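What follows is the content of work_22.cif (mmCIF, C-alpha atoms (C1' of nucleotides)).
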```
data_data
#
loop_
_atom_site.group_PDB
_atom_site.id
_atom_site.type_symbol
_atom_site.label_atom_id
_atom_site.label_comp_id
_atom_site.auth_asym_id
_atom_site.auth_seq_id
_atom_site.Cartn_x
_atom_site.Cartn_y
_atom_site.Cartn_z
ATOM 1 C CA MET A 28 0.456 -7.997 19.389
ATOM 2 C CA TRP A 29 4.059 -8.381 18.313
ATOM 3 C CA LYS A 30 7.239 -6.430 18.997
ATOM 4 C CA GLU A 31 10.508 -6.320 17.139
ATOM 5 C CA GLU A 32 13.712 -4.321 17.535
ATOM 6 C CA ILE A 33 15.445 -2.882 14.483
ATOM 7 C CA GLU A 34 18.816 -1.186 14.242
ATOM 8 C CA SER A 35 19.688 1.325 11.584
ATOM 9 C CA VAL A 36 22.887 2.941 10.409
ATOM 10 C CA PRO A 37 24.183 6.046 12.243
ATOM 11 C CA GLU A 38 23.808 9.050 12.137
ATOM 12 C CA TYR A 39 20.017 9.088 12.131
ATOM 13 C CA ASP A 40 18.144 11.878 13.893
ATOM 14 C CA PHE A 41 14.748 10.368 14.594
ATOM 15 C CA ASP A 42 13.808 13.069 17.090
ATOM 16 C CA TYR A 43 14.074 15.652 14.354
ATOM 17 C CA THR A 44 11.673 13.597 12.256
ATOM 18 C CA LEU A 45 9.206 13.567 15.128
ATOM 19 C CA LEU A 46 9.593 17.314 15.531
ATOM 20 C CA ARG A 47 8.894 17.896 11.867
ATOM 21 C CA TRP A 48 5.919 15.526 11.941
ATOM 22 C CA SER A 49 4.496 17.246 14.981
ATOM 23 C CA LEU A 50 3.521 20.075 12.628
ATOM 24 C CA ASP A 51 1.029 17.705 11.007
ATOM 25 C CA PRO A 52 -2.062 17.236 13.187
ATOM 26 C CA LEU A 53 -2.906 14.037 11.298
ATOM 27 C CA ILE A 54 0.078 12.210 12.719
ATOM 28 C CA GLN A 55 -0.303 10.597 16.108
ATOM 29 C CA LEU A 56 2.976 10.801 17.986
ATOM 30 C CA ASP A 57 4.592 11.624 21.305
ATOM 31 C CA ARG A 58 7.919 13.427 21.191
ATOM 32 C CA ASP A 59 8.664 12.844 24.893
ATOM 33 C CA GLU A 60 8.034 9.127 24.718
ATOM 34 C CA ARG A 61 9.575 9.159 21.244
ATOM 35 C CA TRP A 62 7.008 7.152 19.292
ATOM 36 C CA VAL A 63 4.826 7.594 16.236
ATOM 37 C CA ASP A 64 1.916 5.518 14.938
ATOM 38 C CA VAL A 65 2.525 4.755 11.281
ATOM 39 C CA PRO A 66 -0.522 4.100 9.105
ATOM 40 C CA VAL A 67 0.099 1.273 6.660
ATOM 41 C CA LYS A 68 -2.457 0.575 3.975
ATOM 42 C CA LEU A 69 -1.934 -2.760 2.224
ATOM 43 C CA ASP A 70 -4.454 -4.217 -0.196
ATOM 44 C CA ASP A 71 -7.111 -1.790 1.030
ATOM 45 C CA GLU A 72 -6.640 -2.946 4.610
ATOM 46 C CA PHE A 73 -5.662 -0.581 7.375
ATOM 47 C CA HIS A 74 -2.775 -1.431 9.680
ATOM 48 C CA ILE A 75 -0.938 0.557 12.315
ATOM 49 C CA VAL A 76 2.669 0.065 13.376
ATOM 50 C CA ARG A 77 3.995 1.954 16.357
ATOM 51 C CA VAL A 78 7.640 2.950 15.974
ATOM 52 C CA ARG A 79 9.464 3.937 19.138
ATOM 53 C CA ALA A 80 13.030 5.180 19.390
ATOM 54 C CA LEU A 81 15.193 3.374 21.919
ATOM 55 C CA GLY A 82 18.580 4.601 20.753
ATOM 56 C CA THR A 83 20.310 7.845 19.843
ATOM 57 C CA THR A 84 21.339 9.647 16.680
ATOM 58 C CA SER A 85 24.696 7.895 16.709
ATOM 59 C CA GLN A 86 23.230 4.540 17.832
ATOM 60 C CA PRO A 87 19.809 4.295 16.259
ATOM 61 C CA LEU A 88 17.603 1.545 17.600
ATOM 62 C CA PHE A 89 13.854 1.238 17.194
ATOM 63 C CA GLU A 90 11.067 -0.870 18.596
ATOM 64 C CA LEU A 91 8.256 -1.725 16.207
ATOM 65 C CA SER A 92 4.966 -3.043 17.507
ATOM 66 C CA SER A 93 1.541 -3.745 16.117
ATOM 67 C CA SER A 94 -1.623 -5.623 16.882
ATOM 68 C CA SER A 95 -2.263 -6.212 13.202
ATOM 69 C CA ILE A 96 -2.702 -9.834 12.251
ATOM 70 C CA HIS A 97 -1.153 -9.115 8.867
ATOM 71 C CA ASP A 98 2.143 -10.745 7.959
ATOM 72 C CA LYS A 99 4.700 -9.240 10.300
ATOM 73 C CA GLU A 100 7.641 -9.286 7.907
ATOM 74 C CA THR A 101 5.717 -7.369 5.261
ATOM 75 C CA LEU A 102 4.852 -4.645 7.756
ATOM 76 C CA ILE A 103 8.431 -4.429 8.997
ATOM 77 C CA ASP A 104 9.781 -4.181 5.449
ATOM 78 C CA HIS A 105 7.288 -1.435 4.682
ATOM 79 C CA VAL A 106 8.310 0.585 7.731
ATOM 80 C CA PHE A 107 12.004 -0.015 7.094
ATOM 81 C CA GLU A 108 11.608 1.399 3.614
ATOM 82 C CA LEU A 109 9.466 4.282 4.843
ATOM 83 C CA PHE A 110 12.143 5.485 7.245
ATOM 84 C CA GLN A 111 14.946 4.742 4.783
ATOM 85 C CA TRP A 112 16.807 2.856 7.476
ATOM 86 C CA GLY A 113 18.975 1.210 4.872
ATOM 87 C CA SER A 114 20.663 4.403 3.771
ATOM 88 C CA ASP A 115 24.021 5.362 5.290
ATOM 89 C CA LEU A 116 23.868 9.023 6.278
ATOM 90 C CA ASN A 117 27.550 9.093 7.208
ATOM 91 C CA ARG A 118 28.480 8.901 3.567
ATOM 92 C CA VAL A 119 26.178 11.863 2.998
ATOM 93 C CA HIS A 120 27.803 13.810 5.790
ATOM 94 C CA GLN A 121 31.278 13.054 4.467
ATOM 95 C CA HIS A 122 30.228 14.076 0.979
ATOM 96 C CA PHE A 123 29.065 17.510 2.103
ATOM 97 C CA GLN A 124 32.223 18.171 4.093
ATOM 98 C CA LYS A 125 33.863 18.738 0.725
ATOM 99 C CA THR A 126 31.263 21.309 -0.308
ATOM 100 C CA ASN A 127 30.055 24.819 0.502
ATOM 101 C CA LEU A 128 27.537 23.259 2.908
ATOM 102 C CA ALA A 129 30.124 21.751 5.255
ATOM 103 C CA ALA A 130 29.188 24.029 8.160
ATOM 104 C CA LEU A 131 25.488 23.485 7.610
ATOM 105 C CA PHE A 132 25.897 19.737 7.867
ATOM 106 C CA GLN A 133 28.124 20.118 10.927
ATOM 107 C CA ASN A 134 25.266 21.910 12.630
ATOM 108 C CA HIS A 135 22.602 19.409 11.579
ATOM 109 C CA TYR A 136 23.755 15.818 11.773
ATOM 110 C CA GLY A 137 21.833 12.906 10.355
ATOM 111 C CA THR A 138 18.768 14.487 8.776
ATOM 112 C CA PRO A 139 17.111 11.507 7.092
ATOM 113 C CA ILE A 140 14.744 11.404 4.162
ATOM 114 C CA VAL A 141 11.647 10.144 5.873
ATOM 115 C CA LYS A 142 8.969 9.402 3.363
ATOM 116 C CA ASP A 143 5.306 10.237 3.538
ATOM 117 C CA PHE A 144 3.208 7.241 4.444
ATOM 118 C CA HIS A 145 1.884 6.441 0.962
ATOM 119 C CA LEU A 146 2.588 7.535 -2.606
ATOM 120 C CA TYR A 147 -0.896 8.869 -3.268
ATOM 121 C CA ASP A 148 -1.159 10.655 0.082
ATOM 122 C CA CYS A 149 2.105 12.377 -0.629
ATOM 123 C CA LEU A 150 0.991 13.645 -4.004
ATOM 124 C CA MET A 151 -2.266 15.009 -2.601
ATOM 125 C CA LYS A 152 -0.497 16.662 0.284
ATOM 126 C CA VAL A 153 2.085 18.272 -1.967
ATOM 127 C CA ILE A 154 -0.588 19.630 -4.310
ATOM 128 C CA ILE A 155 -2.651 20.940 -1.401
ATOM 129 C CA HIS A 156 0.411 22.612 0.114
ATOM 130 C CA GLN A 157 1.420 24.482 -3.025
ATOM 131 C CA GLN A 158 2.036 28.191 -2.420
ATOM 132 C CA LEU A 159 0.507 28.217 1.065
ATOM 133 C CA ASN A 160 2.147 29.067 4.349
ATOM 134 C CA MET A 161 2.819 25.938 6.385
ATOM 135 C CA SER A 162 0.182 26.669 8.976
ATOM 136 C CA PHE A 163 -2.693 27.043 6.541
ATOM 137 C CA ALA A 164 -1.301 24.258 4.367
ATOM 138 C CA TYR A 165 -1.647 21.784 7.232
ATOM 139 C CA THR A 166 -5.062 23.179 8.073
ATOM 140 C CA LEU A 167 -6.237 22.317 4.568
ATOM 141 C CA SER A 168 -4.684 18.863 4.329
ATOM 142 C CA THR A 169 -6.000 18.033 7.793
ATOM 143 C CA ARG A 170 -9.545 19.081 6.924
ATOM 144 C CA PHE A 171 -9.345 17.085 3.715
ATOM 145 C CA VAL A 172 -8.348 13.876 5.465
ATOM 146 C CA LYS A 173 -10.567 14.245 8.532
ATOM 147 C CA ILE A 174 -13.633 14.738 6.372
ATOM 148 C CA PHE A 175 -12.976 12.347 3.501
ATOM 149 C CA GLY A 176 -10.454 9.904 4.969
ATOM 150 C CA THR A 177 -10.644 7.080 7.512
ATOM 151 C CA GLU A 178 -9.672 6.936 11.169
ATOM 152 C CA ARG A 179 -8.515 3.869 13.088
ATOM 153 C CA LYS A 180 -7.439 4.099 16.726
ATOM 154 C CA GLY A 181 -6.648 7.779 16.404
ATOM 155 C CA VAL A 182 -4.597 7.253 13.242
ATOM 156 C CA TRP A 183 -5.719 8.911 10.021
ATOM 157 C CA PHE A 184 -5.610 7.416 6.546
ATOM 158 C CA TYR A 185 -6.061 9.548 3.433
ATOM 159 C CA PRO A 186 -9.068 8.811 1.225
ATOM 160 C CA SER A 187 -8.364 6.502 -1.710
ATOM 161 C CA PRO A 188 -7.959 7.966 -5.199
ATOM 162 C CA GLU A 189 -11.388 6.525 -6.026
ATOM 163 C CA GLN A 190 -12.986 8.272 -3.077
ATOM 164 C CA THR A 191 -11.417 11.604 -3.943
ATOM 165 C CA ALA A 192 -12.272 11.187 -7.611
ATOM 166 C CA ALA A 193 -15.938 10.896 -6.667
ATOM 167 C CA LEU A 194 -16.025 14.290 -4.936
ATOM 168 C CA GLU A 195 -17.452 17.512 -6.363
ATOM 169 C CA TYR A 196 -15.266 20.588 -6.526
ATOM 170 C CA ASP A 197 -17.672 22.405 -4.226
ATOM 171 C CA GLN A 198 -17.039 19.881 -1.479
ATOM 172 C CA LEU A 199 -13.452 21.053 -1.372
ATOM 173 C CA ARG A 200 -14.388 24.709 -1.820
ATOM 174 C CA GLU A 201 -16.325 24.349 1.424
ATOM 175 C CA LEU A 202 -13.044 23.460 3.143
ATOM 176 C CA GLN A 203 -11.565 26.711 1.762
ATOM 177 C CA PHE A 204 -9.741 25.154 -1.136
ATOM 178 C CA SER A 205 -9.402 27.534 -4.055
ATOM 179 C CA GLN A 206 -11.309 26.504 -7.160
ATOM 180 C CA ARG A 207 -8.011 25.692 -8.865
ATOM 181 C CA LYS A 208 -6.731 23.588 -6.001
ATOM 182 C CA ALA A 209 -10.008 21.698 -5.831
ATOM 183 C CA GLU A 210 -9.680 20.909 -9.539
ATOM 184 C CA TYR A 211 -6.068 19.834 -9.212
ATOM 185 C CA VAL A 212 -6.821 17.444 -6.333
ATOM 186 C CA ILE A 213 -9.930 15.853 -7.802
ATOM 187 C CA ASP A 214 -8.806 15.733 -11.443
ATOM 188 C CA THR A 215 -5.448 14.207 -10.546
ATOM 189 C CA SER A 216 -7.232 11.630 -8.406
ATOM 190 C CA LYS A 217 -9.417 10.767 -11.376
ATOM 191 C CA LEU A 218 -6.345 10.080 -13.482
ATOM 192 C CA ILE A 219 -5.004 7.794 -10.778
ATOM 193 C CA ALA A 220 -8.322 6.046 -10.144
ATOM 194 C CA SER A 221 -8.757 5.363 -13.858
ATOM 195 C CA GLY A 222 -5.265 3.929 -14.130
ATOM 196 C CA GLU A 223 -3.996 6.582 -16.528
ATOM 197 C CA ILE A 224 -1.406 7.447 -13.920
ATOM 198 C CA ASP A 225 0.080 4.543 -11.973
ATOM 199 C CA LEU A 226 2.095 5.858 -9.035
ATOM 200 C CA ASP A 227 3.504 2.451 -8.115
ATOM 201 C CA LYS A 228 4.925 2.060 -11.606
ATOM 202 C CA LEU A 229 6.177 5.638 -11.712
ATOM 203 C CA ALA A 230 8.065 5.031 -8.479
ATOM 204 C CA LEU A 231 10.288 2.579 -10.376
ATOM 205 C CA GLU A 232 11.255 5.002 -13.139
ATOM 206 C CA SER A 233 14.060 7.536 -13.365
ATOM 207 C CA ASN A 234 13.627 11.003 -11.886
ATOM 208 C CA ASP A 235 13.478 12.617 -15.309
ATOM 209 C CA SER A 236 10.972 10.125 -16.607
ATOM 210 C CA VAL A 237 8.718 10.635 -13.587
ATOM 211 C CA SER A 238 8.928 14.407 -13.880
ATOM 212 C CA ASP A 239 8.105 14.313 -17.577
ATOM 213 C CA THR A 240 4.984 12.284 -16.852
ATOM 214 C CA LEU A 241 3.756 14.187 -13.823
ATOM 215 C CA VAL A 242 4.372 17.684 -15.144
ATOM 216 C CA LYS A 243 1.937 16.993 -17.963
ATOM 217 C CA VAL A 244 -0.827 16.716 -15.387
ATOM 218 C CA ARG A 245 -2.662 19.985 -14.826
ATOM 219 C CA GLY A 246 -1.793 21.177 -11.340
ATOM 220 C CA ILE A 247 1.575 19.457 -11.122
ATOM 221 C CA GLY A 248 4.671 21.514 -11.885
ATOM 222 C CA PRO A 249 8.370 20.904 -11.297
ATOM 223 C CA TRP A 250 8.200 21.684 -7.586
ATOM 224 C CA THR A 251 5.400 19.185 -6.997
ATOM 225 C CA ALA A 252 7.089 16.471 -9.070
ATOM 226 C CA GLU A 253 10.372 16.982 -7.219
ATOM 227 C CA ASN A 254 8.717 16.921 -3.827
ATOM 228 C CA TRP A 255 6.860 13.745 -4.708
ATOM 229 C CA LEU A 256 10.097 12.110 -5.802
ATOM 230 C CA MET A 257 11.752 13.162 -2.552
ATOM 231 C CA PHE A 258 9.024 12.549 0.016
ATOM 232 C CA GLY A 259 6.932 9.993 -1.835
ATOM 233 C CA VAL A 260 9.568 7.818 -3.450
ATOM 234 C CA GLY A 261 12.536 8.715 -1.229
ATOM 235 C CA ARG A 262 14.966 9.719 -3.971
ATOM 236 C CA GLU A 263 18.246 11.223 -2.802
ATOM 237 C CA ASN A 264 19.081 13.747 -5.505
ATOM 238 C CA LEU A 265 16.315 16.368 -5.686
ATOM 239 C CA PHE A 266 16.745 20.112 -5.264
ATOM 240 C CA PRO A 267 13.441 21.981 -5.745
ATOM 241 C CA LYS A 268 14.746 25.349 -6.894
ATOM 242 C CA ALA A 269 11.229 26.767 -7.077
ATOM 243 C CA ASP A 270 10.882 26.334 -3.331
ATOM 244 C CA ILE A 271 10.618 29.607 -1.464
ATOM 245 C CA GLY A 272 11.816 28.009 1.773
ATOM 246 C CA ILE A 273 14.996 26.733 0.167
ATOM 247 C CA GLN A 274 15.586 30.115 -1.443
ATOM 248 C CA ASN A 275 15.241 31.829 1.922
ATOM 249 C CA ALA A 276 17.531 29.278 3.570
ATOM 250 C CA LEU A 277 20.219 29.818 0.927
ATOM 251 C CA LYS A 278 19.925 33.582 1.267
ATOM 252 C CA SER A 279 20.393 33.280 5.000
ATOM 253 C CA TYR A 280 23.193 30.691 4.961
ATOM 254 C CA PHE A 281 25.264 32.504 2.331
ATOM 255 C CA ASN A 282 24.435 35.996 3.655
ATOM 256 C CA MET A 283 23.001 37.118 0.347
ATOM 257 C CA GLU A 284 21.298 40.472 -0.242
ATOM 258 C CA LYS A 285 18.280 38.857 -1.821
ATOM 259 C CA LYS A 286 16.968 35.431 -2.652
ATOM 260 C CA PRO A 287 19.097 33.590 -5.235
ATOM 261 C CA ASP A 288 17.816 33.145 -8.787
ATOM 262 C CA TYR A 289 17.879 29.805 -10.602
ATOM 263 C CA GLU A 290 21.272 30.443 -12.096
ATOM 264 C CA GLU A 291 22.837 31.204 -8.730
ATOM 265 C CA MET A 292 21.172 28.161 -7.198
ATOM 266 C CA GLU A 293 22.498 25.984 -9.988
ATOM 267 C CA SER A 294 25.974 27.294 -9.359
ATOM 268 C CA LEU A 295 25.795 26.926 -5.566
ATOM 269 C CA SER A 296 24.562 23.337 -5.830
ATOM 270 C CA LYS A 297 26.969 22.040 -8.447
ATOM 271 C CA ASP A 298 28.926 19.843 -6.011
ATOM 272 C CA TRP A 299 25.955 18.444 -4.131
ATOM 273 C CA ALA A 300 25.032 15.552 -6.392
ATOM 274 C CA PRO A 301 24.200 12.729 -5.903
ATOM 275 C CA PHE A 302 22.781 13.777 -2.529
ATOM 276 C CA LYS A 303 20.934 16.995 -3.291
ATOM 277 C CA SER A 304 17.840 15.876 -1.368
ATOM 278 C CA TYR A 305 19.791 15.916 1.886
ATOM 279 C CA ALA A 306 20.967 19.432 1.121
ATOM 280 C CA SER A 307 17.350 20.452 0.526
ATOM 281 C CA LEU A 308 16.201 18.841 3.758
ATOM 282 C CA THR A 309 19.006 20.301 5.803
ATOM 283 C CA LEU A 310 18.442 23.755 4.323
ATOM 284 C CA TRP A 311 14.767 23.571 5.246
ATOM 285 C CA ARG A 312 15.753 22.416 8.681
ATOM 286 C CA SER A 313 18.176 25.308 9.091
ATOM 287 C CA ILE A 314 15.458 27.948 8.772
ATOM 288 C CA GLU A 315 13.231 26.052 11.166
ATOM 289 C CA GLY A 316 15.843 26.796 13.800
ATOM 290 C CA VAL A 317 16.328 23.173 14.871
ATOM 291 C "C1'" DA B 10 -2.555 47.496 4.890
ATOM 292 C "C1'" DA B 11 0.528 45.363 2.261
ATOM 293 C "C1'" DC B 12 3.100 41.685 1.344
ATOM 294 C "C1'" DC B 13 4.229 36.915 1.759
ATOM 295 C "C1'" DA B 14 3.469 31.884 1.479
ATOM 296 C "C1'" DG B 15 7.912 25.173 1.162
ATOM 297 C "C1'" DG B 16 3.436 27.065 -7.033
ATOM 298 C "C1'" DG B 17 1.224 26.638 -11.272
ATOM 299 C "C1'" DA B 18 -1.717 27.883 -15.201
ATOM 300 C "C1'" DA B 19 -2.926 31.232 -18.526
ATOM 301 C "C1'" DG B 20 -2.005 35.093 -21.011
ATOM 302 C "C1'" DA B 21 1.282 38.355 -23.242
ATOM 303 C "C1'" DT B 22 5.433 39.320 -25.628
ATOM 304 C "C1'" DA C 30 10.545 29.977 -25.516
ATOM 305 C "C1'" DT C 31 10.450 33.371 -21.829
ATOM 306 C "C1'" DC C 32 8.326 36.935 -19.025
ATOM 307 C "C1'" DT C 33 4.157 38.662 -16.491
ATOM 308 C "C1'" DT C 34 -0.235 38.304 -14.393
ATOM 309 C "C1'" DC C 35 -3.745 36.004 -12.065
ATOM 310 C "C1'" DC C 36 -5.497 32.577 -8.903
ATOM 311 C "C1'" DA C 37 -7.211 32.231 -3.670
ATOM 312 C "C1'" DT C 38 -6.795 32.518 1.167
ATOM 313 C "C1'" DG C 39 -4.657 32.607 5.732
ATOM 314 C "C1'" DG C 40 -0.551 34.466 8.228
ATOM 315 C "C1'" DT C 41 2.396 38.338 9.741
#
```
As structure tokens, the full file:
Amino acid sequence: MWKEEIESVPEYDFDYTLLRWSLDPLIQLDRDERWVDVPVKLDDEFHIVRVRALGTTSQPLFELSSSSIHDKETLIDHVFELFQWGSDLNRVHQHFQKTNLAALFQNHYGTPIVKDFHLYDCLMKVIIHQQLNMSFAYTLSTRFVKIFGTERKGVWFYPSPEQTAALEYDQLRELQFSQRKAEYVIDTSKLIASGEIDLDKLALESNDSVSDTLVKVRGIGPWTAENWLMFGVGRENLFPKADIGIQNALKSYFNMEKKPDYEEMESLSKDWAPFKSYASLTLWRSIEGV
DNA sequence: AACCAGGGAAGAT
DNA sequence: ATCTTCCATGGT
């Protein structure tokens, strides 16, 4: 068992991250005690790192601990990257003060891009969540992982691409996946298991290059590619215009009669680069009422 | 009961 | 190329 304290750059609202994660029954956390157990899969071995907040939004400080015998520095680096502790959210806040989202960012300080735990998990989750209300979306992804994934000390790990690739469509239909969704999940996993799609390599390429590759896969459209880039890779400049939640948030924030079309969204977002992801996150957050 | 949901593929112009 | 319809199923 080791422990280590890590500081990050203000403003970083970790409690909001815990709140958002509390929607996902797969994630073991405690919002009162302010910790979360992070699953870390390295070389097909399962590790768990507990991350506990000691500080505040304006003075972020975290305690990492684990009983894993794996190299401590590797685990710490992984978690540091996962939470994007290296990124300075003040520069983001300052940037948006010059835009039409100034008030929004005043109301929601320090919303970080917190990545999903692994690249493959993220892609599966995003595909499963397409077009579904959040409640049922989490029901499906939770069933998927609890039946085909692996549990260690109460912490859930997604199945590997190879494990998913070996499933029959009917096994997902039984979990109330649509036929299409079952095909998307299994067929995409087959591409990854066979090496035709290499997510680790993709994560090093430009946004456009990644999108071009992923959108060719049946079941992955622009929204899914953008969400993977944001929540899987942690890119800062994504604005998924196909997202119904973002459309509703814009309608509400700008007091519009109806949801904006693509052209209006393009116009509204013209000054947001290079930090569009934070606008997306903060817009989502705004309609969650927190 | 009808419409919506943090989309995308297939079919029709 | 762009617009429309269908896919599936729970939530409201």
message: When you look at stretch 30-40 of chain C with a cut-off of 9 Å (counting all atoms listed in the file), what residues show up, excluding the ones that are within fewer than 5 positions of it in the same chain? I need them as a list in words.
response: Leu159, Asn160, Ser162, Phe163, Gln203, Phe204, Ser205, Gln206, Arg207 and Lys208 of chain A; DC13, DA14, DA18, DA19, DG20, DA21 and DT22 of chain B
Given the PyMOL selection byres ((chain A) within 7 of (chain B)), the residues it picks as a ChimeraX atom specification: /A:157-160,246,248,270-272
task: Please provide the set of residues having any atom within 9 Å of stretch 166-175 of chain A, restricted to only C-alpha atoms (C1' of nucleotides), with same-chain residues fewer than 3 positions apart removed, written as number ranges by chain.
output: A: 51-53, 151-152, 155-156, 161-163, 178, 183-186, 190-191, 199, 202-204
Chain and number of each residue from the PyMOL selection byres ((chain A and resi 115) around 9), as a PyMOL selection string: chain A and resi 35-39+112-114+116-119
message: What's the separation between atom CA of A:Tyr43 and atom CA of A:Pro301, in Å to one decimal place?
response: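 Here the two named atoms are 22.8 Å from each other.
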- request: Do a neighbour search on stretch 308-315 of chain A at 7 Å with all atoms listed in the file, toss out local chain neighbours closer than 6 positions, and write the hits as a ChimeraX atom specification.
  value: /A:135,138,272-273,276
statement: From atom CA of A:Phe302 to atom CA of A:Glu290 the spacing works out at 19.3 Å
message: Would you compute the distance between atom CA of A:His120 and atom CA of A:Phe132? Give it in Å to one decimal.
response: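 It comes out at 6.6 Å.
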